[in-house]
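Okay, entry29.txt is below, compact mmCIF, C-alpha atoms:
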```txt
# COMPACT_ATOMS: atom_id res chain seq x y z
CA MET A 44 127.48 94.24 68.41
CA PRO A 45 127.36 98.02 68.53
CA ARG A 46 125.09 99.49 71.22
CA ILE A 47 123.41 101.79 68.68
CA ALA A 48 122.37 101.36 65.05
CA LEU A 49 125.35 102.66 63.09
CA THR A 50 124.79 104.18 59.68
CA SER A 51 127.82 102.77 57.85
CA PRO A 52 129.56 99.38 57.73
CA SER A 53 132.90 101.02 58.66
CA VAL A 54 134.72 99.25 61.43
CA GLY A 55 136.01 100.64 64.72
CA ILE A 56 136.02 104.32 65.45
CA ARG A 57 135.38 105.21 61.79
CA GLY A 58 131.88 103.74 62.09
CA LEU A 59 131.33 106.17 64.99
CA PHE A 60 132.85 109.13 63.12
CA GLU A 61 130.48 108.44 60.23
CA TYR A 62 127.46 108.03 62.52
CA ARG A 63 127.91 111.60 63.77
CA PRO A 64 130.11 113.57 61.32
CA GLU A 65 129.78 116.76 63.36
CA THR A 66 131.73 115.19 66.20
CA GLY A 67 133.76 112.92 63.91
CA ALA A 68 135.44 115.88 62.20
CA PRO A 69 137.10 117.41 65.30
CA LEU A 70 137.96 113.93 66.64
CA LYS A 71 139.83 113.11 63.41
CA ARG A 72 141.61 116.48 63.46
CA LEU A 73 142.69 115.94 67.07
CA ALA A 74 144.06 112.45 66.32
CA HIS A 75 145.97 113.82 63.33
CA ILE A 76 147.51 116.72 65.25
CA LEU A 77 148.53 114.48 68.15
CA LEU A 78 149.97 111.61 66.10
CA HIS A 79 151.13 113.29 62.87
CA GLY A 80 151.57 116.96 63.82
CA GLU A 81 154.73 118.65 65.02
CA SER A 82 156.27 117.10 68.13
CA PRO A 83 159.70 116.27 69.55
CA LEU A 84 158.46 112.65 69.61
CA THR A 85 158.64 110.62 66.40
CA LYS A 86 155.41 109.31 64.89
CA GLY A 87 156.46 105.81 65.92
CA GLU A 88 157.04 106.88 69.52
CA ARG A 89 153.64 108.58 69.64
CA GLU A 90 151.89 105.54 68.16
CA LEU A 91 153.68 103.40 70.74
CA ILE A 92 152.33 105.57 73.58
CA ALA A 93 148.84 105.38 72.03
CA THR A 94 149.10 101.60 71.69
CA ALA A 95 150.37 101.06 75.25
CA VAL A 96 147.53 103.16 76.70
CA SER A 97 144.92 101.38 74.56
CA HIS A 98 146.30 98.00 75.64
CA GLY A 99 146.18 99.10 79.29
CA ASN A 100 142.54 100.09 78.83
CA GLY A 101 141.82 96.73 77.20
CA CYS A 102 140.59 98.33 73.97
CA LYS A 103 141.25 95.69 71.33
CA PHE A 104 140.38 97.75 68.26
CA CYS A 105 142.61 100.69 69.23
CA THR A 106 145.45 98.42 70.38
CA MET A 107 145.50 96.32 67.19
CA SER A 108 145.19 99.26 64.81
CA HIS A 109 147.73 101.54 66.51
CA ALA A 110 150.17 98.67 67.04
CA ALA A 111 149.97 98.08 63.28
CA ALA A 112 150.65 101.78 62.58
CA ALA A 113 153.51 101.82 65.10
CA ARG A 114 155.14 98.76 63.44
CA VAL A 115 155.07 100.56 60.08
CA HIS A 116 156.82 103.60 61.59
CA PHE A 117 159.45 101.52 63.38
CA GLY A 118 160.32 99.63 60.16
CA ASP A 119 163.24 97.26 60.78
CA GLN A 120 162.86 97.74 64.52
CA HIS A 121 159.16 96.89 64.50
CA ASP A 122 159.61 94.17 67.10
CA VAL A 123 159.98 96.87 69.73
CA VAL A 124 156.21 97.44 69.54
CA ASP A 125 155.30 93.87 70.49
CA ALA A 126 158.07 93.75 73.09
CA VAL A 127 156.81 96.88 74.85
CA VAL A 128 153.06 96.37 74.49
CA TYR A 129 152.60 92.63 74.75
CA ARG A 130 155.72 91.44 76.60
CA GLY A 131 156.26 94.42 78.92
CA ASP A 132 159.90 94.56 77.79
CA ALA A 133 161.07 98.15 77.24
CA SER A 134 164.79 97.30 77.15
CA GLN A 135 165.15 98.35 73.49
CA LEU A 136 163.87 101.85 74.27
CA SER A 137 165.81 104.92 75.38
CA PRO A 138 165.61 105.88 79.08
CA LEU A 139 163.54 108.89 77.99
CA MET A 140 160.93 106.79 76.17
CA ARG A 141 160.73 104.39 79.10
CA LEU A 142 159.92 107.25 81.45
CA LEU A 143 157.44 108.80 79.04
CA LEU A 144 155.63 105.46 78.87
CA GLU A 145 155.56 105.43 82.67
CA ILE A 146 154.00 108.90 82.64
CA ALA A 147 151.45 107.74 80.05
CA GLU A 148 150.51 104.80 82.26
CA CYS A 149 150.02 107.14 85.24
CA VAL A 150 147.77 109.36 83.14
CA ARG A 151 145.78 106.30 82.10
CA ILE A 152 145.25 105.22 85.70
CA GLY A 153 144.32 108.75 86.75
CA GLY A 154 145.92 112.09 86.06
CA ARG A 155 146.88 112.75 89.64
CA SER A 156 149.27 109.82 89.75
CA VAL A 157 151.74 111.75 87.55
CA SER A 158 154.15 112.85 90.29
CA SER A 159 156.62 115.76 90.16
CA GLU A 160 159.35 113.20 90.90
CA LEU A 161 158.49 111.16 87.83
CA VAL A 162 158.45 114.29 85.66
CA ALA A 163 161.82 115.36 87.15
CA LYS A 164 163.30 111.94 86.34
CA ALA A 165 162.14 112.29 82.74
CA ARG A 166 163.68 115.78 82.54
CA GLN A 167 167.02 114.40 83.77
CA VAL A 168 167.17 112.14 80.71
CA GLY A 169 166.23 114.88 78.28
CA ALA A 170 162.47 115.43 78.44
CA THR A 171 161.38 118.94 77.47
CA ASP A 172 158.05 120.58 78.28
CA ARG A 173 156.75 119.41 74.93
CA HIS A 174 157.77 115.78 75.56
CA ILE A 175 155.85 115.88 78.84
CA HIS A 176 152.85 117.69 77.40
CA ASP A 177 152.50 115.57 74.28
CA THR A 178 152.81 112.35 76.28
CA VAL A 179 150.12 113.45 78.78
CA LEU A 180 147.73 114.65 76.08
CA ILE A 181 148.16 111.56 73.87
CA ALA A 182 147.53 109.32 76.89
CA ALA A 183 144.49 111.39 77.92
CA ALA A 184 143.15 111.42 74.36
CA PHE A 185 143.40 107.64 74.06
CA CYS A 186 141.50 107.28 77.32
CA MET A 187 138.77 109.13 75.40
CA PHE A 188 139.06 107.18 72.13
CA ASN A 189 139.17 103.82 73.98
CA ARG A 190 136.06 104.67 76.02
CA TYR A 191 134.23 105.89 72.92
CA VAL A 192 135.01 102.68 71.00
CA ASP A 193 134.34 100.24 73.85
CA GLY A 194 131.47 102.19 75.40
CA LEU A 195 129.53 101.91 72.12
CA GLN A 196 131.02 98.50 71.23
CA ALA A 197 132.26 99.64 67.85
CA ILE A 198 132.79 96.87 65.28
CA THR A 199 136.08 95.13 66.07
CA PRO A 200 137.40 92.88 63.28
CA GLU A 201 138.89 89.54 64.32
CA ASN A 202 140.98 89.23 61.19
CA THR A 203 144.53 90.55 61.75
CA GLU A 204 144.94 91.23 58.02
CA GLU A 205 142.44 94.09 58.31
CA TYR A 206 144.58 95.77 60.93
CA LEU A 207 147.66 95.57 58.71
CA GLN A 208 145.84 97.56 56.04
CA MET A 209 144.56 100.02 58.62
CA GLY A 210 148.05 100.43 60.07
CA ASP A 211 149.52 101.17 56.64
CA ARG A 212 146.87 103.77 55.96
CA MET A 213 147.17 105.37 59.41
CA ALA A 214 150.97 105.54 59.19
CA THR A 215 151.06 106.99 55.69
CA LEU A 216 147.93 109.15 55.39
CA GLY A 217 147.25 109.97 59.01
CA TYR A 218 143.83 110.49 60.53
CA ASP A 219 142.15 113.55 59.10
CA ILE A 220 140.93 111.80 55.97
CA GLU A 221 137.81 110.31 54.44
CA VAL A 222 138.13 106.59 53.91
CA PRO A 223 135.89 105.25 51.14
CA ASN A 224 134.69 101.66 50.93
CA ALA A 225 133.81 100.97 54.51
CA ALA A 226 137.00 102.35 55.98
CA ARG A 227 139.05 99.26 55.31
CA MET B 581 152.38 124.08 90.18
CA PRO B 582 151.90 122.73 86.65
CA HIS B 583 154.42 120.16 85.38
CA VAL B 584 155.32 122.39 82.41
CA GLU B 585 155.58 126.11 81.83
CA LEU B 586 152.33 127.66 80.61
CA THR B 587 152.18 130.90 78.65
CA SER B 588 148.74 131.60 80.10
CA PRO B 589 148.48 132.08 83.87
CA LEU B 590 144.91 130.80 84.03
CA PRO B 591 144.23 127.73 86.19
CA GLY B 592 142.74 124.37 85.26
CA ILE B 593 142.10 123.51 81.63
CA THR B 594 142.16 127.12 80.46
CA GLY B 595 145.89 127.69 80.81
CA LEU B 596 146.54 124.44 78.92
CA LEU B 597 144.19 125.24 76.05
CA ASN B 598 145.59 128.76 75.76
CA THR B 599 149.19 127.51 75.75
CA PHE B 600 148.86 124.48 73.47
CA THR B 601 146.56 126.05 70.92
CA GLU B 602 146.97 123.54 68.10
CA PRO B 603 145.35 120.52 69.77
CA ALA B 604 143.09 122.91 71.73
CA ALA B 605 141.23 123.93 68.57
CA PRO B 606 139.62 120.53 67.79
CA ILE B 607 139.12 119.85 71.53
CA ARG B 608 137.18 123.10 71.85
CA ASP B 609 135.24 122.47 68.63
CA LEU B 610 134.25 118.99 69.75
CA THR B 611 133.17 120.27 73.16
CA GLN B 612 131.10 123.07 71.69
CA VAL B 613 129.28 120.67 69.32
CA ILE B 614 128.59 117.99 71.89
CA MET B 615 127.78 120.29 74.84
CA ARG B 616 126.12 123.24 73.13
CA GLY B 617 125.09 122.02 69.68
CA GLU B 618 121.49 121.27 68.76
CA ASN B 619 120.44 118.23 70.74
CA THR B 620 117.42 116.57 72.33
CA LEU B 621 119.46 116.46 75.54
CA SER B 622 119.20 119.79 77.34
CA PHE B 623 122.26 121.87 78.29
CA GLY B 624 121.56 120.92 81.91
CA GLU B 625 121.42 117.19 81.17
CA ARG B 626 124.68 117.39 79.25
CA GLU B 627 126.41 119.31 82.05
CA LEU B 628 125.18 116.67 84.52
CA ILE B 629 126.51 113.84 82.34
CA ALA B 630 129.88 115.66 82.22
CA SER B 631 129.83 116.35 85.98
CA ALA B 632 129.19 112.68 86.79
CA VAL B 633 132.45 111.75 85.02
CA CYS B 634 134.48 114.54 86.62
CA VAL B 635 133.27 113.53 90.09
CA GLY B 636 133.96 109.84 89.35
CA ASN B 637 137.49 110.74 88.26
CA SER B 638 137.93 112.99 91.34
CA CYS B 639 139.04 115.88 89.15
CA GLU B 640 138.51 118.84 91.45
CA PHE B 641 138.81 121.64 88.92
CA CYS B 642 136.51 120.00 86.36
CA SER B 643 133.99 118.90 89.02
CA ASN B 644 133.72 122.37 90.52
CA ALA B 645 133.39 124.03 87.11
CA HIS B 646 130.79 121.67 85.67
CA ILE B 647 128.73 121.34 88.85
CA ALA B 648 128.57 125.15 88.91
CA ALA B 649 127.50 125.16 85.25
CA ALA B 650 124.93 122.36 85.77
CA ALA B 651 123.51 124.23 88.75
CA ARG B 652 122.63 127.17 86.50
CA TYR B 653 120.29 124.89 84.57
CA VAL B 654 118.89 122.57 87.24
CA GLY B 655 118.82 124.61 90.45
CA SER B 656 121.53 124.68 93.08
CA ALA B 657 124.96 123.06 93.33
CA GLN B 658 123.60 121.08 96.27
CA GLN B 659 120.81 119.66 94.11
CA VAL B 660 123.36 118.71 91.48
CA ARG B 661 125.53 116.95 94.04
CA GLU B 662 122.51 115.09 95.46
CA LEU B 663 121.50 113.97 92.02
CA LEU B 664 125.03 112.76 91.25
CA ASP B 665 125.32 110.98 94.60
CA ASP B 666 122.01 109.19 94.18
CA GLN B 667 123.38 106.31 92.14
CA ALA B 668 120.50 104.00 93.11
CA GLY B 669 117.99 106.51 91.76
CA SER B 670 115.97 106.23 94.96
CA SER B 671 115.59 109.86 95.90
CA SER B 672 113.03 112.28 94.51
CA VAL B 673 115.79 114.22 92.74
CA SER B 674 116.15 111.21 90.42
CA SER B 675 112.52 111.21 89.28
CA ASP B 676 113.69 111.66 85.69
CA LEU B 677 114.29 108.03 84.79
CA LYS B 678 115.98 108.62 81.44
CA LEU B 679 118.48 111.02 82.96
CA HIS B 680 119.10 108.58 85.79
CA HIS B 681 120.03 105.83 83.30
CA LEU B 682 122.14 108.15 81.16
CA LEU B 683 124.07 109.16 84.29
CA SER B 684 124.69 105.46 85.07
CA ILE B 685 126.12 104.97 81.56
CA SER B 686 128.21 108.11 81.91
CA ARG B 687 129.64 107.07 85.28
CA SER B 688 130.48 103.61 83.92
CA VAL B 689 132.15 104.88 80.74
CA GLY B 690 134.12 107.31 82.90
CA GLN B 691 135.68 104.27 84.60
CA SER B 692 136.02 102.10 81.48
CA GLY B 693 134.16 101.76 78.19
CA LYS B 694 133.67 98.10 79.00
CA ASN B 695 131.74 98.91 82.20
CA ALA B 696 128.67 100.15 80.34
CA THR B 697 126.55 97.01 80.02
CA PRO B 698 123.84 96.11 77.46
CA GLU B 699 121.37 96.19 80.38
CA MET B 700 122.21 99.84 81.06
CA PHE B 701 121.58 100.75 77.43
CA ALA B 702 118.33 98.73 77.41
CA ALA B 703 117.11 100.48 80.57
CA ALA B 704 117.91 103.91 79.12
CA ARG B 705 116.04 103.01 75.92
CA MET B 706 113.03 101.82 77.92
CA ALA B 707 113.02 105.22 79.60
CA GLY B 708 112.98 106.91 76.19
CA ALA B 709 116.63 107.46 75.25
CA THR B 710 117.34 107.57 71.51
CA ASP B 711 120.40 106.24 69.69
CA GLN B 712 121.87 109.69 69.36
CA GLU B 713 121.31 110.46 73.03
CA LEU B 714 123.11 107.24 73.92
CA HIS B 715 125.92 108.07 71.51
CA ASP B 716 126.28 111.57 72.87
CA THR B 717 126.23 110.38 76.48
CA VAL B 718 129.10 107.97 75.78
CA LEU B 719 131.07 110.61 73.87
CA ILE B 720 130.59 113.25 76.60
CA ALA B 721 131.77 110.72 79.20
CA ALA B 722 134.77 109.81 77.02
CA LEU B 723 135.63 113.47 76.33
CA PHE B 724 135.57 114.40 80.01
CA SER B 725 137.79 111.41 80.74
CA LEU B 726 140.29 113.16 78.48
CA TYR B 727 139.80 116.54 80.16
CA ASN B 728 140.13 115.15 83.69
CA ARG B 729 143.40 113.40 82.82
CA TYR B 730 144.80 116.39 80.94
CA VAL B 731 144.02 118.79 83.79
CA ASP B 732 145.29 116.50 86.57
CA GLY B 733 148.10 114.86 84.58
CA MET B 734 149.61 118.30 83.98
CA ALA B 735 149.07 119.26 87.65
CA THR B 736 147.32 122.50 86.76
CA ASP B 737 146.38 124.97 89.48
CA VAL B 738 143.02 124.52 91.20
CA PRO B 739 141.52 127.76 92.56
CA ALA B 740 140.24 127.38 96.11
CA ASP B 741 137.85 130.31 95.77
CA ALA B 742 134.32 129.20 94.84
CA SER B 743 133.69 132.49 93.05
CA TYR B 744 136.20 131.48 90.38
CA TYR B 745 133.91 128.63 89.31
CA GLU B 746 130.88 130.88 89.31
CA THR B 747 132.64 133.19 86.85
CA LEU B 748 133.52 130.14 84.79
CA ALA B 749 129.89 128.95 84.91
CA ASP B 750 128.78 132.41 83.69
CA ARG B 751 130.98 131.95 80.70
CA LEU B 752 130.09 128.31 80.00
CA THR B 753 126.37 129.08 80.11
CA THR B 754 126.55 132.18 77.92
CA ALA B 755 129.47 131.93 75.49
CA GLY B 756 129.83 128.14 75.68
CA TYR B 757 133.11 126.40 74.96
CA VAL B 758 134.54 128.53 72.16
CA ALA B 759 137.88 130.29 72.63
CA LYS B 760 137.66 133.81 73.95
CA GLY B 761 139.81 135.15 71.11
CA ALA B 762 142.54 136.78 73.15
CA SER B 763 145.00 134.74 75.19
CA ASN B 764 143.03 135.08 78.41
CA GLY B 765 139.83 133.15 77.80
CA THR B 766 138.30 131.44 80.78
CA HIS B 767 137.76 128.09 79.11
```
Encoding of this model in structure tokens:
Amino acid sequence: MPRIALTSPSVGIRGLFEYRPETGAPLKRLAHILLHGESPLTKGERELIATAVSHGNGCKFCTMSHAAAARVHFGDQHDVVDAVVYRGDASQLSPLMRLLLEIAECVRIGGRSVSSELVAKARQVGATDRHIHDTVLIAAAFCMFNRYVDGLQAITPENTEEYLQMGDRMATLGYDIEVPNAAR
Amino acid sequence: MPHVELTSPLPGITGLLNTFTEPAAPIRDLTQVIMRGENTLSFGERELIASAVCVGNSCEFCSNAHIAAAARYVGSAQQVRELLDDQAGSSSVSSDLKLHHLLSISRSVGQSGKNATPEMFAAARMAGATDQELHDTVLIAALFSLYNRYVDGMATDVPADASYYETLADRLTTAGYVAKGASNGTH
């Protein structure tokens, strides 16, 4: 049960956005820029980073919803999401993506664990400044979103069907939108 | 040395926000609303809630900057550090019970959202905290968890000179968290 009396029946972070629209608006814009804006990483790769960080932080709502969005982006290759996030098997990914996920995990644990050596290894397999930056900021941002959702115990549906619908919406429309009818 | 090339030479978060301006805009807007918008929590209380997270995450740049800013509202940097260190709430600096409980929530959320227990929220409510104050405390703690990881994850420069943070505190307590306009803002 949420720690505060929410003002809408919307689930997850949307219930929090709607509780305080003044802070909800920039939070939605940030999510949209990070996950749908311009980047050398595909939308699927960015959703995968977001999902892995959320899973590491134990945030069920963020993990389930972003995994669903990532599966939509990966299409035929959607199994890669479950392999990486739930089975710890990154063998289907490029060496670059594997290293970026390692960087994201270091950011999750604490920013200072991102070593120069790890960044150099990522550069050797093609990482640019933007790959490094976007990975670090997405990981940092999900450490915020996860804490916001779990800290206030946002409503977390048990029904996986709800996450499929959320994932479709997130993958197609992005994040900087109003969602009528209780954000489903 | 930062992990990537920055187009702004400024240390800490500032060089990042000035270089990567697109995500910086909503981050700055959010920070301005939550830290300087109309609120029943004072500027000082909000800076303390932020400082508690930065200290818990051992982010040197953010801790120095926000302790300096908090000190402008509540006294000296030493008083701020004492208040943040007094996790049991036993010392006279923790006489404000509501603030003491909000700092406990903030510290916990800084570690993990799941660490903030129903008992902590109940205790803060008993001491007078409202729903929005609880919401804002959690969001400030979450936002500074982002900042700390962004600043340290990019290995930004950390000035050793204490006067740098005093200049930063001047700016945070007068202009707030909005961009300076030119490419050399201090936050």
_Pick from B:Arg608, B:Arg729, B:Arg751, B:Arg687, whichever lies nearest to A:Ile146 using only C-alpha atoms_ =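 Using only C-alpha atoms, the shortest distance to A:Ile146 belongs to B:Arg729.
Look at B:Thr753: the protein and nucleic acid residues within 12 Å of it, using all atoms listed in the file and passing over chain neighbours fewer than 3 places away, are Gln612, Met615, Arg616, Phe623, Gly624, Arg626, Glu627, Ala645, His646, Ile647, Ala648, Ala649, Ala650, Ala651, Arg652, Tyr653, Tyr745, Glu746, Thr747, Leu748, Ala749, Asp750, Gly756, Tyr757, Val758 and His767 of chain B.
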_Close residues, stretch 591-600 of chain B itself excluded, 9 Å, all atoms listed in the file, min 3 positions apart in chain, as an MDAnalysis selection string_ = (chainID A and resid 176) or (chainID B and resid 585:588 603:605 607:608 641:642 727:728 730:732 734:739 759 762:767)
Writing out the chosen residues with C-alpha atoms as a PDB file, in the frame of the given file:
```pdb
ATOM      1  CA  HIS A 176     152.850 117.690  77.400  1.00  0.00           C
TER       2      HIS A 176
ATOM      3  CA  GLU B 585     155.580 126.110  81.830  1.00  0.00           C
ATOM      4  CA  LEU B 586     152.330 127.660  80.610  1.00  0.00           C
ATOM      5  CA  THR B 587     152.180 130.900  78.650  1.00  0.00           C
ATOM      6  CA  SER B 588     148.740 131.600  80.100  1.00  0.00           C
ATOM      7  CA  PRO B 603     145.350 120.520  69.770  1.00  0.00           C
ATOM      8  CA  ALA B 604     143.090 122.910  71.730  1.00  0.00           C
ATOM      9  CA  ALA B 605     141.230 123.930  68.570  1.00  0.00           C
ATOM     10  CA  ILE B 607     139.120 119.850  71.530  1.00  0.00           C
ATOM     11  CA  ARG B 608     137.180 123.100  71.850  1.00  0.00           C
ATOM     12  CA  PHE B 641     138.810 121.640  88.920  1.00  0.00           C
ATOM     13  CA  CYS B 642     136.510 120.000  86.360  1.00  0.00           C
ATOM     14  CA  TYR B 727     139.800 116.540  80.160  1.00  0.00           C
ATOM     15  CA  ASN B 728     140.130 115.150  83.690  1.00  0.00           C
ATOM     16  CA  TYR B 730     144.800 116.390  80.940  1.00  0.00           C
ATOM     17  CA  VAL B 731     144.020 118.790  83.790  1.00  0.00           C
ATOM     18  CA  ASP B 732     145.290 116.500  86.570  1.00  0.00           C
ATOM     19  CA  MET B 734     149.610 118.300  83.980  1.00  0.00           C
ATOM     20  CA  ALA B 735     149.070 119.260  87.650  1.00  0.00           C
ATOM     21  CA  THR B 736     147.320 122.500  86.760  1.00  0.00           C
ATOM     22  CA  ASP B 737     146.380 124.970  89.480  1.00  0.00           C
ATOM     23  CA  VAL B 738     143.020 124.520  91.200  1.00  0.00           C
ATOM     24  CA  PRO B 739     141.520 127.760  92.560  1.00  0.00           C
ATOM     25  CA  ALA B 759     137.880 130.290  72.630  1.00  0.00           C
ATOM     26  CA  ALA B 762     142.540 136.780  73.150  1.00  0.00           C
ATOM     27  CA  SER B 763     145.000 134.740  75.190  1.00  0.00           C
ATOM     28  CA  ASN B 764     143.030 135.080  78.410  1.00  0.00           C
ATOM     29  CA  GLY B 765     139.830 133.150  77.800  1.00  0.00           C
ATOM     30  CA  THR B 766     138.300 131.440  80.780  1.00  0.00           C
ATOM     31  CA  HIS B 767     137.760 128.090  79.110  1.00  0.00           C
TER      32      HIS B 767
END
```
*Quick one, how far is atom CA of A:Val115 from atom CA of A:Gly99?*
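Separating atom CA of A:Val115 from atom CA of A:Gly99 is a distance of 21.2 Å.
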*Expressed in Å to a single decimal, how great is the separation between atom CA of A:Leu59 and atom CA of A:Phe117?*
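The value is 28.5 Å.
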Taking (167.1, 107.5, 78.6) in the file's coordinates, which residues come within 7 Å, counting all atoms listed in the file, written as a JSON list (two decimals) with C-alpha atoms, in the coordinates of the input?
```json
[["chain", "number", "residue", "atom", "x", "y", "z"],
["A", 137, "SER", "CA", 165.81, 104.92, 75.38],
["A", 138, "PRO", "CA", 165.61, 105.88, 79.08],
["A", 139, "LEU", "CA", 163.54, 108.89, 77.99],
["A", 140, "MET", "CA", 160.93, 106.79, 76.17],
["A", 168, "VAL", "CA", 167.17, 112.14, 80.71]]
```
